[in-house]
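So this block is structure25.pdb, PDB, C-alpha atoms:
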ATOM      1  CA  MET A 560       8.290 -44.212  56.523
ATOM      2  CA  SER A 561       4.557 -44.163  57.240
ATOM      3  CA  ARG A 562       2.094 -45.659  54.798
ATOM      4  CA  PRO A 563      -1.659 -45.627  55.296
ATOM      5  CA  PRO A 564      -2.771 -48.919  53.752
ATOM      6  CA  THR A 565      -5.355 -47.826  51.207
ATOM      7  CA  PHE A 566      -7.629 -45.097  49.895
ATOM      8  CA  ALA A 567     -10.605 -47.453  50.329
ATOM      9  CA  PRO A 568     -12.798 -46.443  53.281
ATOM     10  CA  PRO A 569     -12.354 -48.498  56.445
ATOM     11  CA  PRO A 570     -14.856 -51.347  56.956
ATOM     12  CA  GLY A 571     -18.245 -49.940  57.860
ATOM     13  CA  ALA A 572     -17.273 -46.339  57.048
ATOM     14  CA  ARG A 573     -19.151 -44.108  54.638
ATOM     15  CA  THR A 574     -17.913 -41.375  52.337
ATOM     16  CA  TYR A 575     -20.076 -38.345  51.672
ATOM     17  CA  ARG A 576     -20.165 -34.570  51.259
ATOM     18  CA  LEU A 577     -20.577 -32.829  54.604
ATOM     19  CA  ARG A 578     -22.868 -29.834  54.062
ATOM     20  CA  THR A 579     -21.992 -26.823  56.194
ATOM     21  CA  ALA A 580     -22.773 -23.116  56.311
ATOM     22  CA  ARG A 581     -19.466 -22.579  54.485
ATOM     23  CA  GLY A 582     -19.858 -25.150  51.736
ATOM     24  CA  GLU A 583     -19.404 -28.880  51.306
ATOM     25  CA  PHE A 584     -16.403 -30.926  52.439
ATOM     26  CA  ALA A 585     -15.421 -34.483  51.529
ATOM     27  CA  ALA A 586     -15.743 -36.758  54.562
ATOM     28  CA  VAL A 587     -15.054 -40.289  55.728
ATOM     29  CA  GLU A 588     -17.175 -41.193  58.736
ATOM     30  CA  SER A 589     -17.372 -44.246  60.980
ATOM     31  CA  SER A 590     -20.103 -44.654  63.576
ATOM     32  CA  VAL A 591     -20.086 -46.600  66.814
ATOM     33  CA  ASP A 592     -21.681 -50.038  66.580
ATOM     34  CA  ALA A 593     -24.380 -49.784  69.225
ATOM     35  CA  ASP A 594     -25.739 -53.198  68.197
ATOM     36  CA  GLY A 595     -22.328 -54.642  69.014
ATOM     37  CA  GLY A 596     -22.589 -53.464  72.588
ATOM     38  CA  VAL A 597     -20.309 -50.415  72.286
ATOM     39  CA  ALA A 598     -21.586 -47.334  74.111
ATOM     40  CA  ALA A 599     -21.281 -44.080  72.162
ATOM     41  CA  LYS A 600     -19.081 -41.569  73.993
ATOM     42  CA  GLY A 601     -18.671 -38.714  71.534
ATOM     43  CA  THR A 602     -17.465 -37.535  68.143
ATOM     44  CA  ALA A 603     -13.925 -36.837  66.926
ATOM     45  CA  LEU A 604     -13.301 -34.398  64.063
ATOM     46  CA  LEU A 605      -9.956 -35.085  62.339
ATOM     47  CA  LEU A 606      -8.072 -32.571  60.166
ATOM     48  CA  PRO A 607      -5.200 -33.710  57.901
ATOM     49  CA  GLY A 608      -1.923 -31.998  57.179
ATOM     50  CA  PHE A 609      -0.202 -30.337  54.242
ATOM     51  CA  THR A 610      -0.446 -32.494  51.056
ATOM     52  CA  GLY A 611      -2.443 -34.984  53.161
ATOM     53  CA  SER A 612      -6.105 -35.969  53.142
ATOM     54  CA  LYS A 613      -8.853 -37.565  55.198
ATOM     55  CA  GLU A 614      -7.544 -40.998  54.147
ATOM     56  CA  ASP A 615      -4.477 -40.492  56.349
ATOM     57  CA  PHE A 616      -6.755 -41.302  59.291
ATOM     58  CA  ASN A 617      -8.212 -44.511  57.828
ATOM     59  CA  PRO A 618      -6.213 -46.764  60.181
ATOM     60  CA  LEU A 619      -7.704 -45.004  63.237
ATOM     61  CA  HIS A 620     -11.392 -45.527  62.468
ATOM     62  CA  GLU A 621     -11.819 -49.093  63.693
ATOM     63  CA  PRO A 622      -9.874 -48.790  66.969
ATOM     64  CA  LEU A 623     -11.551 -45.475  67.830
ATOM     65  CA  THR A 624     -15.100 -46.635  67.126
ATOM     66  CA  ALA A 625     -14.347 -49.765  69.158
ATOM     67  CA  ARG A 626     -13.662 -47.407  72.068
ATOM     68  CA  GLY A 627     -16.989 -45.611  71.555
ATOM     69  CA  TYR A 628     -15.947 -42.623  69.456
ATOM     70  CA  ARG A 629     -17.576 -41.677  66.173
ATOM     71  CA  VAL A 630     -14.903 -40.553  63.691
ATOM     72  CA  VAL A 631     -15.321 -37.874  61.015
ATOM     73  CA  ALA A 632     -12.216 -37.176  58.908
ATOM     74  CA  LEU A 633     -12.341 -34.327  56.384
ATOM     75  CA  ASP A 634     -10.506 -32.857  53.433
ATOM     76  CA  GLY A 635     -10.111 -29.127  53.986
ATOM     77  CA  ARG A 636     -11.070 -26.468  51.480
ATOM     78  CA  GLY A 637      -9.172 -27.057  48.215
ATOM     79  CA  GLN A 638      -7.653 -30.277  49.561
ATOM     80  CA  TYR A 639      -8.021 -33.504  47.544
ATOM     81  CA  GLU A 640     -11.795 -34.068  47.195
ATOM     82  CA  SER A 641     -13.037 -30.819  48.759
ATOM     83  CA  ASP A 642     -13.536 -28.021  46.260
ATOM     84  CA  GLY A 643     -11.965 -24.593  46.389
ATOM     85  CA  PRO A 644     -10.612 -21.838  44.113
ATOM     86  CA  GLU A 645      -7.751 -22.783  41.820
ATOM     87  CA  HIS A 646      -5.853 -19.499  42.040
ATOM     88  CA  ASP A 647      -7.415 -17.286  44.723
ATOM     89  CA  GLU A 648      -5.057 -17.605  47.673
ATOM     90  CA  SER A 649      -7.215 -15.372  49.874
ATOM     91  CA  ALA A 650      -9.726 -18.217  50.161
ATOM     92  CA  TYR A 651      -7.071 -20.181  52.054
ATOM     93  CA  ALA A 652      -6.095 -17.572  54.621
ATOM     94  CA  GLN A 653      -5.743 -19.284  57.980
ATOM     95  CA  GLU A 654      -8.766 -17.522  59.457
ATOM     96  CA  GLU A 655     -10.905 -18.655  56.520
ATOM     97  CA  LEU A 656      -9.825 -22.262  57.062
ATOM     98  CA  ALA A 657     -10.421 -21.906  60.797
ATOM     99  CA  ARG A 658     -13.953 -20.662  60.171
ATOM    100  CA  ASP A 659     -14.473 -23.714  57.965
ATOM    101  CA  VAL A 660     -13.585 -25.893  60.967
ATOM    102  CA  LEU A 661     -16.121 -24.116  63.167
ATOM    103  CA  ALA A 662     -18.783 -24.762  60.522
ATOM    104  CA  GLN A 663     -17.706 -28.392  60.163
ATOM    105  CA  ALA A 664     -17.969 -28.954  63.913
ATOM    106  CA  GLU A 665     -21.455 -27.485  63.930
ATOM    107  CA  ALA A 666     -22.494 -29.649  60.975
ATOM    108  CA  VAL A 667     -21.304 -32.949  62.480
ATOM    109  CA  GLY A 668     -22.870 -32.121  65.834
ATOM    110  CA  ALA A 669     -20.865 -30.044  68.297
ATOM    111  CA  PRO A 670     -19.327 -30.346  70.768
ATOM    112  CA  VAL A 671     -16.589 -32.548  69.326
ATOM    113  CA  HIS A 672     -13.064 -33.642  70.157
ATOM    114  CA  LEU A 673     -10.847 -31.828  67.618
ATOM    115  CA  VAL A 674      -7.659 -33.406  66.245
ATOM    116  CA  GLY A 675      -5.269 -31.671  63.862
ATOM    117  CA  HIS A 676      -2.261 -33.275  62.208
ATOM    118  CA  SER A 677       0.679 -30.985  61.331
ATOM    119  CA  LEU A 678      -0.784 -28.093  59.284
ATOM    120  CA  GLY A 679      -4.198 -29.325  60.419
ATOM    121  CA  GLY A 680      -3.104 -28.734  63.987
ATOM    122  CA  GLN A 681      -2.310 -25.101  63.300
ATOM    123  CA  ILE A 682      -5.670 -24.632  61.584
ATOM    124  CA  ALA A 683      -7.360 -26.380  64.530
ATOM    125  CA  ARG A 684      -5.546 -24.057  66.933
ATOM    126  CA  ALA A 685      -6.753 -21.028  64.982
ATOM    127  CA  ALA A 686     -10.331 -22.350  65.121
ATOM    128  CA  VAL A 687     -10.167 -22.839  68.887
ATOM    129  CA  LEU A 688      -8.781 -19.329  69.329
ATOM    130  CA  LEU A 689     -11.687 -17.929  67.308
ATOM    131  CA  ASP A 690     -14.323 -19.854  69.265
ATOM    132  CA  PRO A 691     -13.634 -22.756  71.641
ATOM    133  CA  SER A 692     -17.309 -23.472  72.348
ATOM    134  CA  PRO A 693     -17.799 -26.214  69.682
ATOM    135  CA  PHE A 694     -14.950 -28.289  71.130
ATOM    136  CA  LEU A 695     -14.553 -30.671  74.055
ATOM    137  CA  SER A 696     -10.777 -30.930  73.643
ATOM    138  CA  LEU A 697      -7.934 -30.213  71.228
ATOM    139  CA  THR A 698      -5.295 -32.747  70.225
ATOM    140  CA  LEU A 699      -2.277 -31.471  68.295
ATOM    141  CA  MET A 700      -0.615 -34.398  66.516
ATOM    142  CA  ALA A 701       2.903 -33.764  65.204
ATOM    143  CA  SER A 702       2.040 -30.070  65.078
ATOM    144  CA  GLY A 703       4.340 -27.532  66.646
ATOM    145  CA  PRO A 704       4.146 -24.109  68.266
ATOM    146  CA  ALA A 705       5.246 -21.986  65.315
ATOM    147  CA  GLN A 706       6.905 -22.315  61.901
ATOM    148  CA  ILE A 707       8.296 -25.602  60.605
ATOM    149  CA  SER A 708      11.998 -26.475  60.687
ATOM    150  CA  VAL A 709      14.410 -24.675  58.368
ATOM    151  CA  ALA A 710      14.963 -27.815  56.283
ATOM    152  CA  GLN A 711      11.243 -28.236  55.752
ATOM    153  CA  GLN A 712      10.831 -24.534  55.008
ATOM    154  CA  GLN A 713      13.321 -24.998  52.180
ATOM    155  CA  ARG A 714      11.312 -27.935  50.798
ATOM    156  CA  VAL A 715       8.081 -25.963  50.954
ATOM    157  CA  LYS A 716       9.699 -22.969  49.231
ATOM    158  CA  LEU A 717      10.865 -25.227  46.390
ATOM    159  CA  LEU A 718       7.339 -26.553  46.046
ATOM    160  CA  ARG A 719       5.795 -23.087  46.064
ATOM    161  CA  ASP A 720       8.293 -21.825  43.493
ATOM    162  CA  ALA A 721       7.532 -24.791  41.261
ATOM    163  CA  LEU A 722       3.769 -24.307  41.544
ATOM    164  CA  ALA A 723       4.181 -20.690  40.439
ATOM    165  CA  VAL A 724       5.506 -21.705  37.012
ATOM    166  CA  MET A 725       4.443 -25.334  36.461
ATOM    167  CA  THR A 726       1.192 -27.282  36.299
ATOM    168  CA  MET A 727       0.264 -29.724  39.043
ATOM    169  CA  ALA A 728       1.058 -32.618  36.705
ATOM    170  CA  GLU A 729       4.478 -31.174  35.871
ATOM    171  CA  VAL A 730       5.291 -30.639  39.537
ATOM    172  CA  TRP A 731       4.277 -34.211  40.307
ATOM    173  CA  GLU A 732       6.606 -35.544  37.626
ATOM    174  CA  ALA A 733       9.415 -33.337  38.909
ATOM    175  CA  ILE A 734       8.943 -34.658  42.442
ATOM    176  CA  GLN A 735       9.101 -38.238  41.204
ATOM    177  CA  ALA A 736      12.279 -37.518  39.232
ATOM    178  CA  MET A 737      14.006 -35.799  42.174
ATOM    179  CA  GLU A 738      13.204 -38.324  44.924
ATOM    180  CA  PRO A 739      14.335 -41.927  45.293
ATOM    181  CA  PRO A 740      11.325 -44.206  44.624
ATOM    182  CA  GLU A 741      10.956 -45.121  48.281
ATOM    183  CA  GLU A 742      10.832 -41.448  49.277
ATOM    184  CA  SER A 743       8.606 -39.990  46.547
ATOM    185  CA  ASP A 744       5.509 -38.825  48.362
ATOM    186  CA  ALA A 745       4.605 -35.425  46.955
ATOM    187  CA  GLY A 746       6.605 -33.353  49.367
ATOM    188  CA  ASP A 747       7.365 -35.383  52.511
ATOM    189  CA  ILE A 748       5.719 -32.838  54.829
ATOM    190  CA  ASP A 749       2.809 -35.219  55.324
ATOM    191  CA  GLU A 750       3.412 -38.629  53.923
ATOM    192  CA  GLY A 751       0.984 -40.283  51.551
ATOM    193  CA  LEU A 752      -0.597 -43.568  50.692
ATOM    194  CA  ALA A 753       1.222 -46.605  49.440
ATOM    195  CA  ASP A 754      -0.137 -46.826  45.896
ATOM    196  CA  ARG A 755       1.574 -44.432  43.476
ATOM    197  CA  GLU A 756      -1.562 -43.913  41.402
ATOM    198  CA  ASP A 757      -3.549 -43.058  44.524
ATOM    199  CA  LEU A 758      -0.826 -40.623  45.524
ATOM    200  CA  ARG A 759      -0.908 -38.964  42.124
ATOM    201  CA  ARG A 760      -4.695 -38.756  42.146
ATOM    202  CA  ARG A 761      -4.632 -37.096  45.547
ATOM    203  CA  TRP A 762      -1.910 -34.675  44.460
ATOM    204  CA  MET A 763      -3.877 -33.700  41.353
ATOM    205  CA  GLY A 764      -6.958 -33.075  43.472
ATOM    206  CA  ASN A 765      -5.265 -30.321  45.476
ATOM    207  CA  LYS A 766      -5.814 -26.736  44.361
ATOM    208  CA  PRO A 767      -2.518 -24.929  43.627
ATOM    209  CA  ALA A 768      -3.605 -21.814  45.539
ATOM    210  CA  GLN A 769      -4.310 -23.941  48.608
ATOM    211  CA  LEU A 770      -0.842 -25.495  48.561
ATOM    212  CA  ILE A 771       0.864 -22.132  48.006
ATOM    213  CA  ALA A 772      -1.115 -20.338  50.719
ATOM    214  CA  THR A 773      -0.905 -23.064  53.365
ATOM    215  CA  GLY A 774       2.746 -23.726  52.544
ATOM    216  CA  ARG A 775       3.440 -20.070  53.255
ATOM    217  CA  GLN A 776       1.548 -20.355  56.539
ATOM    218  CA  LEU A 777       3.737 -23.265  57.632
ATOM    219  CA  CYS A 778       6.832 -21.139  57.047
ATOM    220  CA  VAL A 779       5.697 -17.999  58.876
ATOM    221  CA  GLU A 780       3.320 -19.230  61.592
ATOM    222  CA  PRO A 781       3.929 -17.282  64.832
ATOM    223  CA  ASP A 782       4.078 -18.833  68.282
ATOM    224  CA  ARG A 783       0.531 -18.612  69.698
ATOM    225  CA  VAL A 784       0.970 -21.085  72.541
ATOM    226  CA  ALA A 785       0.413 -18.464  75.249
ATOM    227  CA  GLU A 786      -2.893 -17.469  73.619
ATOM    228  CA  LEU A 787      -3.969 -21.086  73.400
ATOM    229  CA  ALA A 788      -2.966 -21.818  76.994
ATOM    230  CA  ALA A 789      -5.449 -19.162  78.127
ATOM    231  CA  VAL A 790      -8.349 -21.083  76.551
ATOM    232  CA  PRO A 791     -10.183 -23.299  79.071
ATOM    233  CA  LEU A 792      -9.959 -26.556  77.096
ATOM    234  CA  PRO A 793      -8.135 -29.838  77.758
ATOM    235  CA  PHE A 794      -5.117 -30.167  75.446
ATOM    236  CA  HIS A 795      -3.197 -33.193  74.217
ATOM    237  CA  VAL A 796       0.133 -33.070  72.375
ATOM    238  CA  LEU A 797       0.945 -36.315  70.576
ATOM    239  CA  SER A 798       3.925 -37.055  68.373
ATOM    240  CA  GLY A 799       6.292 -39.763  67.303
ATOM    241  CA  SER A 800       9.646 -40.180  68.988
ATOM    242  CA  ARG A 801      11.292 -38.573  65.941
ATOM    243  CA  ASP A 802      10.034 -35.645  63.850
ATOM    244  CA  ASP A 803      11.923 -33.648  61.239
ATOM    245  CA  THR A 804       9.176 -31.050  60.848
ATOM    246  CA  TRP A 805       9.075 -29.922  64.485
ATOM    247  CA  PRO A 806      11.821 -31.385  66.716
ATOM    248  CA  VAL A 807      10.418 -33.477  69.561
ATOM    249  CA  PRO A 808      11.974 -31.275  72.317
ATOM    250  CA  LEU A 809      10.030 -28.346  70.846
ATOM    251  CA  LEU A 810       6.819 -30.361  71.122
ATOM    252  CA  ASP A 811       7.726 -31.349  74.708
ATOM    253  CA  ASP A 812       8.150 -27.679  75.605
ATOM    254  CA  MET A 813       4.863 -26.744  73.927
ATOM    255  CA  ALA A 814       3.050 -29.390  75.955
ATOM    256  CA  LEU A 815       4.501 -27.968  79.167
ATOM    257  CA  ARG A 816       3.454 -24.453  78.224
ATOM    258  CA  LEU A 817      -0.074 -25.683  77.466
ATOM    259  CA  ARG A 818      -0.207 -27.857  80.592
ATOM    260  CA  ALA A 819      -1.249 -30.520  78.088
ATOM    261  CA  HIS A 820      -1.364 -34.260  78.313
ATOM    262  CA  ARG A 821       1.698 -35.541  76.413
ATOM    263  CA  THR A 822       2.031 -38.758  74.395
ATOM    264  CA  VAL A 823       5.136 -39.917  72.525
ATOM    265  CA  VAL A 824       4.527 -42.885  70.237
ATOM    266  CA  GLN A 825       7.796 -44.769  70.229
ATOM    267  CA  ASP A 826       9.404 -45.569  66.852
ATOM    268  CA  ALA A 827       6.870 -43.361  65.053
ATOM    269  CA  GLU A 828       7.811 -40.270  63.061
ATOM    270  CA  HIS A 829       5.747 -37.386  61.643
ATOM    271  CA  SER A 830       2.652 -39.541  61.071
ATOM    272  CA  PRO A 831       1.968 -41.605  64.211
ATOM    273  CA  ASN A 832      -1.525 -42.240  62.841
ATOM    274  CA  THR A 833       0.002 -44.511  60.200
ATOM    275  CA  ASP A 834       3.293 -45.546  61.817
ATOM    276  CA  ASP A 835       1.458 -47.013  64.830
ATOM    277  CA  PRO A 836      -2.306 -46.520  64.493
ATOM    278  CA  GLN A 837      -3.234 -48.815  67.369
ATOM    279  CA  GLU A 838      -1.092 -46.950  69.887
ATOM    280  CA  THR A 839      -2.159 -43.584  68.499
ATOM    281  CA  ALA A 840      -5.851 -44.490  68.692
ATOM    282  CA  ARG A 841      -5.394 -45.831  72.218
ATOM    283  CA  ALA A 842      -3.760 -42.565  73.296
ATOM    284  CA  PHE A 843      -6.547 -40.493  71.732
ATOM    285  CA  ALA A 844      -9.316 -42.545  73.332
ATOM    286  CA  ASP A 845      -7.619 -42.670  76.742
ATOM    287  CA  PHE A 846      -7.323 -38.881  76.704
ATOM    288  CA  TRP A 847     -10.939 -38.383  75.645
ATOM    289  CA  ASP A 848     -12.096 -40.815  78.329
ATOM    290  CA  ARG A 849     -10.290 -38.705  80.938
ATOM    291  CA  VAL A 850     -11.940 -35.574  79.566
ATOM    292  CA  ARG A 851     -15.356 -37.232  79.901
ATOM    293  CA  LYS A 852     -14.657 -38.084  83.539
ATOM    294  CA  GLY A 853     -13.593 -34.507  84.211
TER     295      GLY A 853
END

Take the structure in the file and write it out as structure tokens.
Amino acid sequence: MSRPPTFAPPPGARTYRLRTARGEFAAVESSVDADGGVAAKGTALLLPGFTGSKEDFNPLHEPLTARGYRVVALDGRGQYESDGPEHDESAYAQEELARDVLAQAEAVGAPVHLVGHSLGGQIARAAVLLDPSPFLSLTLMASGPAQISVAQQQRVKLLRDALAVMTMAEVWEAIQAMEPPEESDAGDIDEGLADREDLRRRWMGNKPAQLIATGRQLCVEPDRVAELAAVPLPFHVLSGSRDDTWPVPLLDDMALRLRAHRTVVQDAEHSPNTDDPQETARAFADFWDRVRKG
């Protein structure tokens, strides 16, 4: 099971509120050390998954900046430390979240390399389909072509049903009571951080409407691979060698349909960024280097 090491920012990183035309978003950013002799090559914008947060990418900051890539990881609208409506689900429609991404890219300095993990990948895809111009490439990490697996749909439905009648604190306690201690991670769609108090704090930061709306999206997302394949961008599909949310053969097929570069991180599961951050970062940077060379 994946475990990002800490909620503390990576060495040299800064946390701040990214101001955009669509509001402010909590960010963790690491810059390239020009004084250390590393040439800056570009910026990567990283979007987390369902029940996840910007901290899920903490292990990638150092290896990516060492390769010359500035890293900006964000909480989406209503996710952990980014504000959003408590109960208005319309604010979390996929197109609204996609337009947030376009504004975020502009604010950090487009064009950027866009990376989306799981749900974040589907939001990233929607942003690219709205307007590909702010992006140099799109990497879909453990993010499939359409809806999540039936087993995960059942888990998300349980969560949505619980959120309809219980408070966030009550749902958290129910999750802890239902799961073995080693598996309690606020839903298992996107695994959390190692410290239980940090996990609870992140869970409590999420807006219920965001979880309900995006959970529904995960369960009904249509296959838009053909639309995406028509966009003139370089694509990268990266996953672990095992994934219960989207089976790996489904991700293989999506990569073929996109004519995408394909990376499988051996012995990793749904969160390669934390199961094997060094290999994941290497794969990202190698792909971006190839994009730079054309």

Original post:
Applied to the shown file, which residues does the PyMOL selection byres ((chain A and resi 627-632) around 6) return, written as an NGL selection string?
Top reply: :A and (586-591 or 597-605 or 613 or 623-626 or 633)

Taking every listed atom of range 835-849 of chain A and adding 4 Å to each side, what centre and edge lengths in Å (one decimal) does the axis-aligned box have, as lines of an AutoDock Vina configuration file?
center_x = -5.3
center_y = -43.6
center_z = 72.7
size_x = 21.6
size_y = 18.4
size_z = 24.4

Original post:
If we count only C-alpha atoms, what is near Asp720 in chain A at a cut-off of 12 Å, once residues fewer than 4 positions away on the same chain are taken out, given as JSON, numbers by chain?
Top reply: {"A": [713, 714, 715, 716, 724, 725, 726, 730, 767, 770, 771, 772, 774, 775]}

Original post:
Could you name the residues that touch Phe843 in chain A at 12 Å or less, counting only C-alpha atoms, but leaving out those on the same chain fewer than 6 positions away, as a PyMOL selection string?
Top reply: chain A and resi 602-605+619-620+622-624+626-628+630+672-675+696-700+794-798+820-824+831-832+836-837+849-850

Next, the residues of the selection above should be written as a PDB file, keeping the file's coordinate frame with C-alpha atoms.
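Final output, saved to result.pdb:
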ATOM      1  CA  THR A 602     -17.465 -37.535  68.143  1.00  0.00           C
ATOM      2  CA  ALA A 603     -13.925 -36.837  66.926  1.00  0.00           C
ATOM      3  CA  LEU A 604     -13.301 -34.398  64.063  1.00  0.00           C
ATOM      4  CA  LEU A 605      -9.956 -35.085  62.339  1.00  0.00           C
ATOM      5  CA  LEU A 619      -7.704 -45.004  63.237  1.00  0.00           C
ATOM      6  CA  HIS A 620     -11.392 -45.527  62.468  1.00  0.00           C
ATOM      7  CA  PRO A 622      -9.874 -48.790  66.969  1.00  0.00           C
ATOM      8  CA  LEU A 623     -11.551 -45.475  67.830  1.00  0.00           C
ATOM      9  CA  THR A 624     -15.100 -46.635  67.126  1.00  0.00           C
ATOM     10  CA  ARG A 626     -13.662 -47.407  72.068  1.00  0.00           C
ATOM     11  CA  GLY A 627     -16.989 -45.611  71.555  1.00  0.00           C
ATOM     12  CA  TYR A 628     -15.947 -42.623  69.456  1.00  0.00           C
ATOM     13  CA  VAL A 630     -14.903 -40.553  63.691  1.00  0.00           C
ATOM     14  CA  HIS A 672     -13.064 -33.642  70.157  1.00  0.00           C
ATOM     15  CA  LEU A 673     -10.847 -31.828  67.618  1.00  0.00           C
ATOM     16  CA  VAL A 674      -7.659 -33.406  66.245  1.00  0.00           C
ATOM     17  CA  GLY A 675      -5.269 -31.671  63.862  1.00  0.00           C
ATOM     18  CA  SER A 696     -10.777 -30.930  73.643  1.00  0.00           C
ATOM     19  CA  LEU A 697      -7.934 -30.213  71.228  1.00  0.00           C
ATOM     20  CA  THR A 698      -5.295 -32.747  70.225  1.00  0.00           C
ATOM     21  CA  LEU A 699      -2.277 -31.471  68.295  1.00  0.00           C
ATOM     22  CA  MET A 700      -0.615 -34.398  66.516  1.00  0.00           C
ATOM     23  CA  PHE A 794      -5.117 -30.167  75.446  1.00  0.00           C
ATOM     24  CA  HIS A 795      -3.197 -33.193  74.217  1.00  0.00           C
ATOM     25  CA  VAL A 796       0.133 -33.070  72.375  1.00  0.00           C
ATOM     26  CA  LEU A 797       0.945 -36.315  70.576  1.00  0.00           C
ATOM     27  CA  SER A 798       3.925 -37.055  68.373  1.00  0.00           C
ATOM     28  CA  HIS A 820      -1.364 -34.260  78.313  1.00  0.00           C
ATOM     29  CA  ARG A 821       1.698 -35.541  76.413  1.00  0.00           C
ATOM     30  CA  THR A 822       2.031 -38.758  74.395  1.00  0.00           C
ATOM     31  CA  VAL A 823       5.136 -39.917  72.525  1.00  0.00           C
ATOM     32  CA  VAL A 824       4.527 -42.885  70.237  1.00  0.00           C
ATOM     33  CA  PRO A 831       1.968 -41.605  64.211  1.00  0.00           C
ATOM     34  CA  ASN A 832      -1.525 -42.240  62.841  1.00  0.00           C
ATOM     35  CA  PRO A 836      -2.306 -46.520  64.493  1.00  0.00           C
ATOM     36  CA  GLN A 837      -3.234 -48.815  67.369  1.00  0.00           C
ATOM     37  CA  ARG A 849     -10.290 -38.705  80.938  1.00  0.00           C
ATOM     38  CA  VAL A 850     -11.940 -35.574  79.566  1.00  0.00           C
TER      39      VAL A 850
END

Quick one: apply the PyMOL selection byres ((chain A and resi 680) around 9) to the file and drop the selected residues here as a compact mmCIF listing (two decimals) with C-alpha atoms, in the coordinates of the input.
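See out24.txt below for the written result:
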# COMPACT_ATOMS: atom_id res chain seq x y z
CA LEU A 606 -8.07 -32.57 60.17
CA PRO A 607 -5.20 -33.71 57.90
CA GLY A 608 -1.92 -32.00 57.18
CA VAL A 674 -7.66 -33.41 66.24
CA GLY A 675 -5.27 -31.67 63.86
CA HIS A 676 -2.26 -33.28 62.21
CA SER A 677 0.68 -30.98 61.33
CA LEU A 678 -0.78 -28.09 59.28
CA GLY A 679 -4.20 -29.32 60.42
CA GLN A 681 -2.31 -25.10 63.30
CA ILE A 682 -5.67 -24.63 61.58
CA ALA A 683 -7.36 -26.38 64.53
CA ARG A 684 -5.55 -24.06 66.93
CA ALA A 685 -6.75 -21.03 64.98
CA LEU A 697 -7.93 -30.21 71.23
CA THR A 698 -5.30 -32.75 70.22
CA LEU A 699 -2.28 -31.47 68.30
CA MET A 700 -0.62 -34.40 66.52
CA ALA A 701 2.90 -33.76 65.20
CA SER A 702 2.04 -30.07 65.08
CA GLY A 703 4.34 -27.53 66.65

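Take CA of Leu661 in chain A and CA of Asp845 in chain A: the distance between them is 24.5 Å.
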
**OP:** Quote the spacing between CA of Leu722 in chain A and CA of Tyr639 in chain A in Å to one decimal place.
**Re:** 16.1 Å

Original post:
Between A:Asn617, A:Gly596, A:Cys778, A:Pro806, which is the closest to Ala840 in chain A once you count all atoms listed in the file?
Top reply: A:Asn617

**OP:** Using all atoms listed in the file, pick whichever of A:Gln706, A:Ala593, A:Arg719, A:Thr773 has the shortest atom-to-atom distance to Glu654 in chain A.
**Re:** A:Thr773

**OP:** Write out as a PyMOL selection string each polymer residue whose atoms come within 12 Å of Gln663 in chain A, counting all atoms listed in the file; drop sequence neighbours fewer than 2 positions from it.
**Re:** chain A and resi 576-586+603-606+631-636+656-661+665-671+673+683+686+693-694

**OP:** Could you check which of A:Ala733, A:Leu695, A:Ala662, A:Ala768 is closest to Ser649 in chain A, using all atoms listed in the file?
**Re:**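 Looking at the shortest contact to Ser649 in chain A, the residue is A:Ala768.
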
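With CA of Ala652 in chain A on one side and CA of Pro691 in chain A on the other, the separation reads 19.3 Å.
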
**OP:** Please write as a ChimeraX atom specification the full residue list that the PyMOL selection byres ((chain A and resi 765) around 8) yields on this file.
**Re:** /A:610,637-640,761-764,766-767,769-770
